[in-house]
file query_38.cif (mmCIF, C-alpha atoms)
data_query
#
loop_
_atom_site.label_atom_id
_atom_site.label_comp_id
_atom_site.auth_asym_id
_atom_site.auth_seq_id
_atom_site.Cartn_x
_atom_site.Cartn_y
_atom_site.Cartn_z
CA MET A 144 0.00 0.00 0.00
CA THR A 145 1.41 3.39 -0.95
CA THR A 146 1.35 6.58 1.07
CA HIS A 147 -1.62 8.18 -0.74
CA ARG A 148 -4.27 9.25 1.74
CA PRO A 149 -7.92 9.91 0.86
CA HIS A 150 -9.40 13.18 1.98
CA VAL A 151 -11.53 12.53 5.04
CA GLU A 152 -14.36 14.63 6.42
CA ALA A 153 -15.76 13.60 9.79
CA ALA A 154 -18.51 15.09 11.86
CA PRO A 155 -18.06 15.27 15.64
CA GLY A 156 -19.59 12.47 17.64
CA SER A 157 -18.67 9.24 19.39
CA LEU A 158 -18.95 7.10 16.25
CA TRP A 159 -16.12 8.89 14.51
CA GLU A 160 -13.80 9.28 17.47
CA ARG A 161 -10.96 7.06 16.36
CA ALA A 162 -9.87 4.75 19.15
CA PRO A 163 -6.14 3.97 19.47
CA ASP A 164 -5.29 0.92 17.36
CA HIS A 165 -4.30 -1.28 20.29
CA LEU A 166 -7.54 -0.56 22.17
CA ALA A 167 -9.76 -1.17 19.14
CA TYR A 168 -7.78 -4.35 18.42
CA ARG A 169 -8.17 -5.53 22.00
CA GLY A 170 -11.90 -4.91 21.72
CA SER A 171 -12.15 -7.30 18.76
CA ARG A 172 -9.98 -9.90 20.52
CA GLU A 173 -12.17 -9.77 23.59
CA ASN A 174 -15.36 -9.89 21.52
CA ILE A 175 -14.14 -12.92 19.56
CA THR A 176 -12.98 -14.65 22.73
CA GLY A 177 -16.36 -14.02 24.32
CA LEU A 178 -18.08 -15.56 21.30
CA LEU A 179 -15.93 -18.67 21.21
CA GLU A 180 -14.31 -19.55 24.54
CA ASP A 181 -17.21 -21.68 25.76
CA ARG A 182 -18.06 -23.10 22.33
CA PRO A 183 -15.30 -25.50 21.21
CA ASP A 184 -17.92 -27.30 19.11
CA VAL A 185 -17.96 -24.44 16.58
CA ALA A 186 -14.27 -24.83 15.64
CA GLY A 187 -15.15 -26.65 12.43
CA VAL A 188 -18.01 -24.36 11.35
CA PRO A 189 -17.36 -22.90 7.88
CA VAL A 190 -16.99 -19.12 7.60
CA PRO A 191 -18.75 -18.07 4.36
CA ALA A 192 -16.90 -14.74 4.15
CA CYS A 193 -13.57 -16.63 4.15
CA PRO A 194 -14.04 -19.43 1.58
CA GLY A 195 -12.35 -22.66 2.65
CA TRP A 196 -11.77 -21.50 6.22
CA THR A 197 -13.44 -22.68 9.40
CA VAL A 198 -13.87 -20.77 12.66
CA ARG A 199 -10.67 -22.37 13.90
CA ASP A 200 -8.80 -21.33 10.75
CA VAL A 201 -9.86 -17.70 11.21
CA VAL A 202 -8.73 -17.67 14.83
CA GLY A 203 -5.49 -19.38 13.82
CA HIS A 204 -4.87 -16.65 11.27
CA LEU A 205 -5.52 -13.96 13.86
CA VAL A 206 -3.06 -15.56 16.27
CA GLU A 207 -0.39 -15.86 13.56
CA VAL A 208 -0.82 -12.17 12.74
CA CYS A 209 -0.62 -11.33 16.43
CA ARG A 210 2.57 -13.37 16.80
CA THR A 211 4.09 -11.47 13.88
CA VAL A 212 3.29 -8.09 15.40
CA ALA A 213 4.26 -9.12 18.93
CA ALA A 214 7.67 -10.16 17.57
CA ASP A 215 7.85 -6.90 15.59
CA ALA A 216 8.72 -9.08 12.61
CA PRO A 217 8.57 -7.73 9.04
CA GLY A 218 6.04 -8.90 6.53
CA ASN A 219 2.67 -8.14 4.98
CA LEU A 220 0.09 -8.89 7.65
CA TRP A 221 -2.62 -9.57 5.08
CA GLU A 222 -0.58 -12.45 3.67
CA VAL A 223 -0.24 -14.32 6.98
CA PRO A 224 -1.89 -17.77 6.76
CA HIS A 225 -3.81 -19.47 9.54
CA ALA A 226 -1.94 -21.48 12.17
CA GLU A 227 -1.77 -25.24 11.63
CA PRO A 228 -3.08 -27.50 14.41
CA ALA A 229 -0.49 -28.80 16.85
CA ALA A 230 0.54 -32.44 16.39
CA ASP A 231 -1.43 -33.52 19.47
CA SER A 232 -4.57 -31.67 18.39
CA ALA A 233 -5.34 -32.87 14.90
CA ASP A 234 -9.06 -32.26 15.30
CA GLY A 235 -8.44 -28.57 15.94
CA VAL A 236 -10.60 -28.62 19.07
CA GLY A 237 -8.11 -29.56 21.81
CA ASP A 238 -6.59 -27.20 24.33
CA GLY A 239 -2.90 -27.40 23.45
CA LEU A 240 -1.41 -23.93 22.92
CA GLY A 241 -1.21 -23.18 19.22
CA GLY A 242 -3.46 -26.10 18.32
CA GLY A 243 -7.09 -26.21 19.34
CA LEU A 244 -9.50 -23.34 19.55
CA GLY A 245 -9.17 -22.94 23.32
CA GLY A 246 -5.38 -22.98 23.15
CA LEU A 247 -5.32 -20.40 20.39
CA LEU A 248 -7.60 -18.06 22.31
CA ALA A 249 -5.42 -18.45 25.41
CA GLU A 250 -2.24 -17.68 23.46
CA TRP A 251 -3.89 -14.67 21.83
CA SER A 252 -4.69 -13.25 25.26
CA GLN A 253 -1.15 -13.88 26.49
CA LEU A 254 0.28 -11.88 23.58
CA ASP A 255 -1.76 -8.78 24.47
CA VAL A 256 0.83 -6.99 26.61
CA ARG A 257 3.56 -7.44 24.03
CA VAL A 258 1.31 -6.29 21.20
CA GLU A 259 0.30 -3.18 23.10
CA HIS A 260 3.97 -2.35 23.69
CA VAL A 261 4.87 -2.74 20.01
CA VAL A 262 1.85 -0.84 18.71
CA THR A 263 2.15 2.08 21.12
CA THR A 264 5.93 2.52 20.94
CA ALA A 265 6.31 2.19 17.17
CA PRO A 266 2.98 3.17 15.58
CA GLN A 267 2.82 2.50 11.88
CA LEU A 268 0.37 1.65 9.12
CA ARG A 269 0.63 -2.12 9.68
CA HIS A 270 -0.72 -1.68 13.21
CA THR A 271 -3.88 -0.15 11.82
CA MET A 272 -3.93 -3.12 9.44
CA LEU A 273 -3.70 -5.39 12.50
CA MET A 274 -6.75 -3.73 14.02
CA MET A 275 -8.74 -3.70 10.79
CA ASP A 276 -7.93 -7.35 10.07
CA ALA A 277 -9.16 -8.41 13.52
CA PHE A 278 -12.33 -6.36 13.16
CA THR A 279 -13.02 -7.73 9.68
CA HIS A 280 -12.67 -11.29 10.94
CA GLU A 281 -14.78 -10.52 13.99
CA LEU A 282 -17.53 -9.56 11.55
CA ASP A 283 -16.84 -12.72 9.52
CA LEU A 284 -17.21 -14.88 12.63
CA ARG A 285 -20.37 -13.11 13.75
CA GLY A 286 -21.87 -13.79 10.33
CA ALA A 287 -20.87 -17.46 10.41
CA LEU A 288 -22.38 -17.95 13.87
CA GLY A 289 -25.47 -15.79 13.36
CA VAL A 290 -24.45 -13.29 16.05
CA PRO A 291 -25.45 -9.62 15.57
CA VAL A 292 -22.81 -7.01 14.80
CA VAL A 293 -21.85 -4.66 17.64
CA ARG A 294 -23.46 -1.30 16.98
CA ASP A 295 -21.00 1.62 16.80
CA HIS A 296 -17.98 -0.65 17.17
CA ALA A 297 -14.86 1.39 17.97
CA SER A 298 -13.01 -0.05 14.96
CA TYR A 299 -15.30 1.36 12.25
CA PRO A 300 -13.69 4.82 11.87
CA SER A 301 -10.04 3.83 11.45
CA SER A 302 -10.94 0.67 9.53
CA LEU A 303 -12.88 2.69 6.99
CA ASP A 304 -10.09 5.26 6.75
CA LEU A 305 -7.65 2.45 5.98
CA VAL A 306 -9.68 0.53 3.42
CA VAL A 307 -10.76 3.68 1.59
CA ARG A 308 -7.06 4.46 1.32
CA GLY A 309 -6.42 1.11 -0.34
CA PHE A 310 -9.46 1.45 -2.56
CA ALA A 311 -8.30 4.95 -3.58
CA ASN A 312 -5.05 3.48 -4.84
CA ALA A 313 -7.05 0.97 -6.90
CA VAL A 314 -9.12 3.84 -8.32
CA ARG A 315 -5.88 5.50 -9.44
CA THR A 316 -4.45 2.26 -10.83
CA HIS A 317 -7.54 1.77 -12.99
CA GLY A 318 -7.33 5.37 -14.20
CA LEU A 319 -10.76 6.18 -12.78
CA PRO A 320 -12.08 9.55 -11.68
CA ALA A 321 -12.35 10.18 -7.97
CA LEU A 322 -15.31 8.77 -6.05
CA ARG A 323 -16.81 10.40 -2.97
CA ILE A 324 -17.83 7.85 -0.34
CA GLU A 325 -20.31 8.91 2.32
CA ALA A 326 -21.61 7.32 5.51
CA PRO A 327 -23.69 9.08 8.16
CA GLY A 328 -21.16 11.23 10.01
CA ALA A 329 -18.19 10.94 7.66
CA ALA A 330 -17.08 11.19 4.04
CA TRP A 331 -13.98 10.36 2.02
CA THR A 332 -12.68 11.21 -1.44
CA ALA A 333 -11.08 8.17 -3.08
CA GLY A 334 -8.88 9.21 -5.98
CA ASP A 335 -7.60 12.47 -7.38
CA GLY A 336 -9.49 15.57 -8.45
CA GLU A 337 -13.15 16.41 -8.20
CA PRO A 338 -15.33 13.35 -7.51
CA ALA A 339 -17.35 12.24 -10.49
CA ALA A 340 -19.88 10.30 -8.41
CA VAL A 341 -20.97 9.68 -4.84
CA LEU A 342 -21.43 6.30 -3.14
CA ARG A 343 -23.55 6.45 0.01
CA GLY A 344 -24.18 3.67 2.46
CA HIS A 345 -24.30 2.43 6.01
CA ARG A 346 -20.81 2.26 7.51
CA HIS A 347 -21.14 -1.53 7.79
CA ASP A 348 -22.15 -1.98 4.15
CA LEU A 349 -19.30 0.26 3.00
CA LEU A 350 -16.70 -1.55 5.10
CA ARG A 351 -17.84 -4.98 3.95
CA SER A 352 -17.96 -3.83 0.33
CA LEU A 353 -14.41 -2.49 0.53
CA THR A 354 -13.05 -5.67 2.13
CA GLY A 355 -14.26 -8.23 -0.40
CA ARG A 356 -17.32 -9.38 1.54
CA ARG A 357 -19.99 -8.15 -0.87
CA SER A 358 -20.60 -9.26 -4.44
CA LEU A 359 -20.31 -6.74 -7.25
CA ALA A 360 -24.08 -6.97 -7.70
CA GLN A 361 -24.59 -6.04 -4.05
CA ILE A 362 -22.14 -3.16 -4.34
CA ALA A 363 -23.93 -1.91 -7.45
CA GLU A 364 -27.23 -1.92 -5.52
CA LEU A 365 -25.94 0.58 -2.94
CA ALA A 366 -26.87 4.25 -3.29
CA TRP A 367 -24.83 5.60 -6.23
CA SER A 368 -25.28 9.01 -7.78
CA ALA A 369 -24.12 7.67 -11.14
CA ALA A 370 -23.78 4.32 -12.85
CA PRO A 371 -21.44 2.24 -10.63
CA GLU A 372 -19.92 0.03 -13.33
CA PRO A 373 -16.76 2.10 -13.98
CA TRP A 374 -15.67 1.80 -10.32
CA LEU A 375 -16.57 -1.85 -9.72
CA PRO A 376 -13.17 -3.23 -10.84
CA ALA A 377 -11.48 -1.15 -8.13
CA PHE A 378 -13.26 -3.16 -5.41
CA THR A 379 -10.75 -5.91 -6.15
CA TRP A 380 -7.59 -4.66 -4.48
CA GLY A 381 -4.86 -5.95 -2.19
CA PRO A 382 -6.09 -9.20 -0.60
CA PHE A 383 -9.75 -8.43 -1.31
CA HIS A 384 -11.83 -10.08 -4.03
CA PRO A 385 -15.63 -9.69 -4.12
CA PRO A 386 -17.43 -13.05 -4.04
CA THR A 387 -19.28 -14.13 -7.14
CA VAL A 388 -22.42 -14.81 -5.08
CA PRO A 389 -23.49 -13.07 -1.86
CA VAL A 390 -22.10 -14.45 1.40
CA GLU A 391 -24.09 -12.08 3.62
CA ALA A 392 -26.94 -9.62 3.35
CA THR A 393 -26.57 -5.86 3.24
CA VAL A 394 -27.77 -3.67 6.08
CA GLU A 395 -29.39 -1.25 3.66
CA GLY A 396 -30.68 -2.22 0.24
#
call {"tool": "encode", "arguments": {"input": "query_38.cif", "output": "C-alpha cells"}}
result
Amino acid sequence: MTTHRPHVEAAPGSLWERAPDHLAYRGSRENITGLLEDRPDVAGVPVPACPGWTVRDVVGHLVEVCRTVAADAPGNLWEVPHAEPAADSADGVGDGLGGGLGGLLAEWSQLDVRVEHVVTTAPQLRHTMLMMDAFTHELDLRGALGVPVVRDHASYPSSLDLVVRGFANAVRTHGLPALRIEAPGAAWTAGDGEPAAVLRGHRHDLLRSLTGRRSLAQIAELAWSAAPEPWLPAFTWGPFHPPTVPVEATVEG
C-alpha cells in the first residue's frame, strides 16, 4: 500500500472518534474470545466470508498475525496464513497452545501486553492493518455464527479510513475519476481531483464492500449518484476479491 491518503471529512460524535489501534484491536480480541471460549464445538463451522476456512482457521490466522506483530517481525500482515493444528490436536478442538480453539484463544490473550507495547511505541500503518484485520474477521465470525454485529464498534472509523485508502489506490491504478464515499457522520474522497460520483451507504455496508465481503451486484445496488460500473473493478484490491455470489446480506438495500 502506498502513502496516498484519501481526503476525510468527519462530523463530531462518538462514532467517529478514532480509538487507538491497540484498544480497538483488543476490543475485537475480547469480543471474539467471548463468542468462542465456551463453544469448542464451533471450531469446524465454515466461515462463508472466508471461503475454505473454518472458525478455527480464522482464529489461527488472527493468532499468527498477532505473533508477527508481537515479535515486531517484518512482513505483509494480510498475507499471513492461519496457524496449523499442533501435532497432538489434529481435530483442531483440543486445548494445546497453538493447536485447538481454546489454546489459540489463550495464546492470543497472552500476547496482548507485548502487542500493546509494540503498537504504542512504534505506531505504523501495519498496526492499523492489524486492528482492521481483527475487526473484519470478527464480523466474519459473527456472520458465520449468526451473532449480531456490535453497533457503533470502535473499529469502524479507522478501519474505513484504511480501506478507503487502499481502494483509492485501486481507483488510481484503474485510471478512474475520484469517487466520494459517504456514511452518516463521515465522508472520504477516493482518488484524485473532483469526484465524479458519490457512493452512500451504512458504515457496515461500505466496510464490507471495501473488504471483499460483498458481491459486485450487491455493491452496485448501494446508493450511487451515477452508474457504478466504472468503479466496480477497483473493489478488487490488495487481498480483497468480491465473491461471485453473496455471502451475507446488506444492512441497507
call {"tool": "residues_around", "arguments": {"input": "query_38.cif", "residues": "segment 160-162 of chain A", "least_positions_apart": "6", "cutoff": "7 Å", "atoms": "only C-alpha atoms", "output": "short mmCIF file (atom, residue, chain, number, x, y, z; two decimals) with C-alpha atoms, in the coordinates of the input"}}
result
data_model
loop_
_atom_site.label_atom_id
_atom_site.label_comp_id
_atom_site.auth_asym_id
_atom_site.auth_seq_id
_atom_site.Cartn_x
_atom_site.Cartn_y
_atom_site.Cartn_z
CA ALA A 297 -14.86 1.39 17.97
CA PRO A 300 -13.69 4.82 11.87
CA SER A 301 -10.04 3.83 11.45
#
call {"tool": "resolve_selection", "arguments": {"input": "query_38.cif", "expression": "the PyMOL selection byres ((chain A and resi 215) around 10)", "output": "list in words"}}
result
Cys209, Arg210, Thr211, Val212, Ala213, Ala214, Ala216, Pro217, Gly218, Arg257, Val258, Val261, Val262 and Ala265 of chain A
call {"tool": "atom_distance", "arguments": {"input": "query_38.cif", "atom1": "atom CA of Arg172 of chain A", "atom2": "atom CA of Ala277 of chain A"}}
result
7.2 Å
call {"tool": "residues_around", "arguments": {"input": "query_38.cif", "residues": "Leu322 of chain A", "least_positions_apart": "4", "cutoff": "9 Å", "atoms": "only C-alpha atoms", "output": "list in words"}}
result
Ala311, Val314, Trp331, Thr332, Ala333, Gly334, Asp335, Glu337, Pro338, Ala339, Ala340, Val341, Leu342 and Trp374 of chain A
call {"tool": "resolve_selection", "arguments": {"input": "query_38.cif", "expression": "the PyMOL selection byres ((chain A and resi 180) around 10)", "output": "number ranges by chain"}}
result
A: 175-179, 181-183, 244-249
call {"tool": "atom_distance", "arguments": {"input": "query_38.cif", "atom1": "atom CA of Ala167 of chain A", "atom2": "atom CA of Ser298 of chain A"}}
result
5.4 Å
call {"tool": "closest_residue", "arguments": {"input": "query_38.cif", "among": "A:Ser368, A:Asn312, A:Ser302, A:Thr387", "to": "Leu349 of chain A", "atoms": "only C-alpha atoms"}}
result
A:Ser302
call {"tool": "closest_residue", "arguments": {"input": "query_38.cif", "among": "A:Ser171, A:Gln253, A:Thr379, A:Thr393", "to": "Met274 of chain A", "atoms": "only C-alpha atoms"}}
result
A:Ser171
